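Below is one structure, written out as structure tokens; the observations come after it.
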Protein chains: 4
Amino acid sequence: MSYAGHMLDTYPRDFNVEAGVLATTMDALIECAQACTADADADLSEQNVAELVKCIRLCLDCADVCAATVRVASRQTEYDAGVTRPLLEACAATCKSCGDECEHHAQRHEHCRVCAEACRRCEQACRELLAAMLGWRRASSTVARRRPTAGGWSTCSLGRTFPRRLDWRAELSGLRTRCSRDCGGAWPVRAPWRRPPRAWPSD
Amino acid sequence: MSYAGHMLDTYPRDFNVEAGVLATTMDALIECAQACTADADADLSEQNVAELVKCIRLCLDCADVCAATVRVASRQTEYDAGVTRPLLEACAATCKSCGDECEHHAQRHEHCRVCAEACRRCEQACRELLAAMLGWRRASSTVARRRPTAGGWSTCSLGRTFPRRLDWRAELSGLRTRCSRDCGGAWPVRAPWRRPPRAWPSD
Amino acid sequence: MSYAGHMLDTYPRDFNVEAGVLATTMDALIECAQACTADADADLSEQNVAELVKCIRLCLDCADVCAATVRVASRQTEYDAGVTRPLLEACAATCKSCGDECEHHAQRHEHCRVCAEACRRCEQACRELLAAMLGWRRASSTVARRRPTAGGWSTCSLGRTFPRRLDWRAELSGLRTRCSRDCGGAWPVRAPWRRPPRAWPSD
Amino acid sequence: MSYAGHMLDTYPRDFNVEAGVLATTMDALIECAQACTADADADLSEQNVAELVKCIRLCLDCADVCAATVRVASRQTEYDAGVTRPLLEACAATCKSCGDECEHHAQRHEHCRVCAEACRRCEQACRELLAAMLGWRRASSTVARRRPTAGGWSTCSLGRTFPRRLDWRAELSGLRTRCSRDCGGAWPVRAPWRRPPRAWPSD
């Protein structure tokens, strides 16, 4: 697992969006920022640098925007969709422009081909995170009623309680979450992002 | 004049937007990034740090987004509105969120008051640059015909040529530009900032 | 006054170094980062871009290092000289390399001349802040005795107490600080910027 | 392989240091920057945030310094040891301070434990890259004579020429490099990474 995933895994509160989608996007952003920085530099080493000016410029932009976006996306505390959403949109647009330009040089320069690929993946990841953010919003009103009111416990579809942490671990592997008491009740896939209790009740 | 203005002043080609508006926005972005970094830190020094967590988080976001935006805005070469526009929108939205939050603490903490002010100014500057970018688009079809076909010379309203560079120097101080040969012809204030069309009409 | 100065002015605790020197350095770092970003871009617009590859590369480095350094220098809370000092040294070295390279192109390109100037100023400012940090260390043992034992109060040269905050406000405007009780006692201009010792002598 | 490795793999010229060491360091820097950004944020979510102020501050510093360092280390073109070396030293020092502080909270907060680990790895990686850079300097005078005079060809230990690119591909997988003509001549593992001398001996 990447450090982005590791750190999400240890975050003490609930997430604002599905952790798996978030970790994938963060990895894509980090890789794209790195690829763009390196591609701008590789372009500067080429004989035909004058033909690569647009590529250099967009790579520098893309590296800057991805670097800012991954920082904002790394912050879960006091999450503000009004900040994250337009930034992800700007990042996807930048990756699109940069990926298009890099692709023009992909035949001639292998580094541009690799960078174009990183841009495409990052654009896609940003759009998927945006979709997940919207999905979470839509789901929250209906799901909310079934959510626990106090910290530490969830209620399954049969009305029994179970430890919250199980949820999102299960969620990460794409499974539906289940009641920890194995009562057979299930929990809707999107529910599980609440923080587990520090001290666990012994019942 | 700030360094942002100095550097615009020495840029070897035409700009994609009015240089005065651009320089003002860049200064506002730089100041907002600085104020937010310092405000997050000042919050960490306060006794009631636990109440300032949202302020810290948004200040960190705002510093990152402003820093990326000023870098992108500093690049004139191979300008791509598809990158700059959504980023300015994201930056304005971030400044709005951060400014709102800082304002909540402005009564109690002077550093939050100063930071809120920097955020407001930056939000406003981003919106003005966005408007200027749109203005440029509208104007470009009519203005374009008056632009020079080759590098270095403009044609004044009396049809005489003069060095292009004079234009934008005059523009910076808010004056109408004038023909360098002192023929009496003037150039509309907004004209010199237009990007020359790729294919120049033969008239 | 710049925002860097404004924000230092509102910081709720003592500084670890003279605020005037710190504000000057922060402004120089911000300006150098801006000038280097713009100069790399202006280089990309030049006909002889292939000859400017080294200049572009060093400008990109210098912009990155200055941007990181100004962020670290903007943080006063839990100041750690073991972080700030080597970073300032690295920054001064980067400004030296970048300034040297920009100077090679200063005759031909005005943007390189302006950027070289920004690098020189920034290198100088970093070295002065380093010197001030060392000076603080030397001075702290003698000055410390005159510092307050608990938060919020200083002792003037006549031995009377007055609110600490007055000190540094006065300092910023270049005046000698004065006892708030108007007893006539003064405080040496440089004194208020010292960090209080962790363990305070009982005298 | 990480994108850092991929991009090094496609860089069109020789490196200034062993690519394997460089790729490892770049990955460690990226991961440390990410871990520190996330740890500062996780700290802000904790109940005892007031006790974590030093940890937050150092994590913010460390994220900024690592982010700048990985950008500089990603640039091979017109490499300047006078920039890279002090920056790596500053970065190692910052990782040391941050790692020490995170370790204090590792027992209580899992996110601090993971972050401390990332800091330790990054500090170690920076020091190894510094050592490799010094090693390159020592070796360069003897190795230089065996380097090609013009772009694209190396000379194997039997004196036959082969395409330069083969070298470092082999190097990346840890093998000794071989003459592309399969003459049986080998090239010392470390040789291909040396920077060619500016003026090549005429032998």
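Residue numbers start at 1 in each chain; chains themselves are named A, B, ... in the order of the structure tokens; ligands are numbered from 1 in the order shown.
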Taking only C-alpha atoms into account, report as a tab-separated table (two decimals) with C-alpha atoms, in the first residue's frame which residues of chain C lie within 9 Å of chain A.
chain	number	residue	atom	x	y	z
C	41	ASP	CA	9.00	31.42	-18.32
C	44	LEU	CA	11.09	29.85	-22.70
C	45	SER	CA	9.78	32.71	-24.85
C	47	GLN	CA	14.47	32.73	-29.60
C	48	ASN	CA	17.71	31.41	-28.10
C	49	VAL	CA	15.94	29.15	-25.59
C	50	ALA	CA	18.50	26.37	-26.16
C	53	VAL	CA	18.51	25.81	-20.51
C	54	LYS	CA	20.84	26.14	-17.52
C	56	ILE	CA	15.71	27.83	-16.76
C	57	ARG	CA	16.75	24.87	-14.67
Quick one: residues within 7 Å of Glu110 in chain C, only C-alpha atoms, excluding same-chain residues fewer than 4 positions away - as a ChimeraX atom specification? /B:10 /C:106,114
Give me the residues near Ala35 in chain B as an MDAnalysis selection string, where near means some atom within 7 Å (using only C-alpha atoms) and where sequence neighbours in that chain fewer than 3 positions away do not count. (chainID B and resid 31:32 38:39 115 118) or (chainID C and resid 3:4 7)
Selection: 9 Å around Val65 in chain A, only C-alpha atoms, excl. self and same-chain fewer than 2 positions, as a list in words: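 Result of the neighbour search: Ala33, Leu60, Asp61, Cys62, Ala63, Ala67, Ala68, Thr69, Val70, Leu87, Ala90, Cys91, Thr94 and Cys95 of chain A; Val65, Ala68, Thr69, Val72 and Leu87 of chain B.
From CA of Gly82 in chain D back to CA of Cys122 in chain C, the distance works out to 16.6 Å.
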Quick check, in Å to one decimal: how far apart do CA of Ser2 in chain B and CA of Arg75 in chain C lie? 23.6 Å
Point out the residue among C:Glu51, C:Arg121, C:Ala73, C:Ile30 with the least atom-to-atom distance to Pro86 in chain C, counting only C-alpha atoms.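 Using only C-alpha atoms, Pro86 in chain C sits closest to C:Ala73.
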